[in-house]
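Visitor: I'd like to ask some things about the structure below.
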Amino acid sequence: MLSNCGHYYSKPLKNSRKNVGTFRLRRRHGVDIAEMECEIDQIERLRAGIRRDDHEYMFLLMQKTGEMQIAHNGREALLTPGDSLLMDSTLPAELTFNGNSASFLSVHLPRSLCLEGVARDPATGRRVARAHPLRPSLEALIDAGGPDEAHADYLFDFIAMMFRAEDRAGDAAGFRDRHGRFRHICDTIDRHVSESDFTIERLAGLVHMSRRQLQRDFRDNGTTFTRVLCERRMKLVLGHLHRAAGLNLRPAISDLAYRAGFSDLSHFNRSFRQIYDMSPGGYYDQCLQARREH
């Protein structure tokens, strides 16, 4: 569970010697789907665990049996059978079961792919009830068999539609602390990272800040706009490479680079080697080997 879901910490029942649950993993559409059954008190996602994980995910939780209370992203929700919720691995979370048996699915969606090209953040922490008209379609999509790449793309689009957030101005000045403001700035870059002509001036207009204010925020966080943009584009490429390995498909690296907003392949390959100390093809081969060993 640790190797697939990341650093989550569980609290077992007091004075219990029973098996606390089961964890099974399957793959659909190039993403991991964890099936969990548990009888514990609580699962926590702490900032210490967030800092220890290399990969960022959106976890689509789908309740099967029992109840699960979730506190996440400033919201609290009680999931009952048929309910769903989207959880961001970069934010703390608390899942409480109160010692009762429960089972649920956790669909692991690379965070960079979820944010690619969307106009606003998905509504993480908000419950989608079993009565939602799209729920049967979501379940059918998750259960669909076969490594269908077209379904894999549709899965991300469907979830973005189902968990669409309410309209908001996107004004970064509305954040009460610098950390929150900078996170919003970086998330805005994620949503526009595939635009090859994305500039700091464009970013300034989207978050309603001046170029000088933005540069100061990047400097205060020990980085620059250019560096963050390159890193976020690289994360998008990594997400596609991981998913392609899950589908056992060999992608055209140049297509992934262009899709992520890189217009100069030589610069992309050079930057990739500098950051990951290997070529993009070598990284894909490493992902493929890791998949085969599981």
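Simple scheme: letters A, B, ... for chains in structure tokens order, numbers from 1 for residues in each chain, numbers from 1 for ligands in the order shown.
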Please identify the helix (DSSP H, G or I) residues within segment 70-169 of chain A (assignment by DSSP from backbone atoms) and present them as a list in words.

Guide: Arg111, Ser112, Leu113, Cys114, Leu115, Arg135, Pro136, Ser137, Leu138, Glu139, Ala140, Leu141, Ile142, Asp143, Glu149, Ala150, His151, Ala152, Asp153, Tyr154, Leu155, Phe156, Asp157, Phe158, Ile159, Ala160, Met161 and Met162 of chain A

Visitor: I'd like the neighbourhood of Phe182 of chain A as a list in words, where a residue qualifies if any of its atoms comes within 10 Å (using only C-alpha atoms), though same-chain residues fewer than 2 positions away should be ignored.

Guide: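 Counting only the stated atoms, we get Ala172, Phe175, Asp177, Arg178, His179, Gly180, His184, Ile185, Cys186, Asp187, Thr188, Leu214, Asp217, Phe218, Asp220 and Asn221 of chain A.
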
Visitor: Now that the selection is made, can you save its residues with N, CA, C and O atoms as a short mmCIF file (atom, residue, chain, number, x, y, z; two decimals), in the first residue's frame?

Guide:
data_model
loop_
_atom_site.label_atom_id
_atom_site.label_comp_id
_atom_site.auth_asym_id
_atom_site.auth_seq_id
_atom_site.Cartn_x
_atom_site.Cartn_y
_atom_site.Cartn_z
N ALA A 172 -5.29 35.73 -7.04
CA ALA A 172 -4.32 35.23 -6.07
C ALA A 172 -4.23 36.10 -4.84
O ALA A 172 -3.83 35.64 -3.77
N PHE A 175 -5.73 35.05 -1.28
CA PHE A 175 -5.14 34.10 -0.34
C PHE A 175 -4.54 34.83 0.84
O PHE A 175 -3.85 35.85 0.68
N ASP A 177 -2.23 33.82 2.98
CA ASP A 177 -0.82 33.58 3.27
C ASP A 177 -0.06 33.36 1.98
O ASP A 177 -0.62 33.00 0.95
N ARG A 178 1.24 33.58 2.03
CA ARG A 178 2.08 33.48 0.84
C ARG A 178 2.13 32.06 0.28
O ARG A 178 2.20 31.86 -0.93
N HIS A 179 2.11 31.08 1.19
CA HIS A 179 2.14 29.69 0.75
C HIS A 179 0.93 29.38 -0.12
O HIS A 179 1.05 28.78 -1.19
N GLY A 180 -0.25 29.79 0.35
CA GLY A 180 -1.46 29.54 -0.41
C GLY A 180 -1.45 30.26 -1.75
O GLY A 180 -1.88 29.72 -2.77
N HIS A 184 -1.43 28.55 -5.52
CA HIS A 184 -2.41 28.90 -6.56
C HIS A 184 -1.70 29.30 -7.84
O HIS A 184 -2.13 28.95 -8.95
N ILE A 185 -0.62 30.04 -7.72
CA ILE A 185 0.17 30.45 -8.89
C ILE A 185 0.69 29.22 -9.63
O ILE A 185 0.57 29.13 -10.86
N CYS A 186 1.25 28.25 -8.89
CA CYS A 186 1.79 27.04 -9.51
C CYS A 186 0.68 26.18 -10.11
O CYS A 186 0.87 25.58 -11.19
N ASP A 187 -0.47 26.10 -9.44
CA ASP A 187 -1.59 25.34 -9.99
C ASP A 187 -2.09 25.97 -11.28
O ASP A 187 -2.53 25.28 -12.21
N THR A 188 -2.07 27.31 -11.35
CA THR A 188 -2.47 27.99 -12.58
C THR A 188 -1.51 27.66 -13.70
O THR A 188 -1.92 27.45 -14.85
N LEU A 214 4.78 38.91 -9.15
CA LEU A 214 5.01 37.49 -9.42
C LEU A 214 6.49 37.14 -9.28
O LEU A 214 6.85 36.14 -8.65
N ASP A 217 7.41 36.81 -5.74
CA ASP A 217 6.94 35.57 -5.12
C ASP A 217 7.81 34.38 -5.53
O ASP A 217 8.15 33.52 -4.70
N PHE A 218 8.19 34.31 -6.81
CA PHE A 218 9.08 33.23 -7.25
C PHE A 218 10.43 33.33 -6.54
O PHE A 218 10.98 32.32 -6.08
N ASP A 220 11.08 34.73 -3.63
CA ASP A 220 10.94 34.40 -2.21
C ASP A 220 10.86 32.90 -1.99
O ASP A 220 11.14 32.41 -0.89
N ASN A 221 10.45 32.15 -3.03
CA ASN A 221 10.38 30.70 -2.93
C ASN A 221 11.60 30.02 -3.55
O ASN A 221 11.58 28.81 -3.80
#

Visitor: Quick one: everything within 9 Å of Glu76 of chain A, counting only C-alpha atoms, minus sequence neighbours fewer than 5 positions away in the same chain. Send it as a PyMOL selection string.

Guide: chain A and resi 69-71+125-127

Visitor: At what distance in Å, to one decimal, does atom CA of Ser103 of chain A lie from atom CA of Cys38 of chain A?

Guide: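 Separation of atom CA of Cys38 of chain A and atom CA of Ser103 of chain A: 6.3 Å.
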
Visitor: If we count only C-alpha atoms, what is near Gly117 of chain A at a cut-off of 8 Å, once residues fewer than 6 positions away on the same chain are taken out, given as JSON, numbers by chain?

Guide: {"A": [190, 191, 192, 193, 194]}
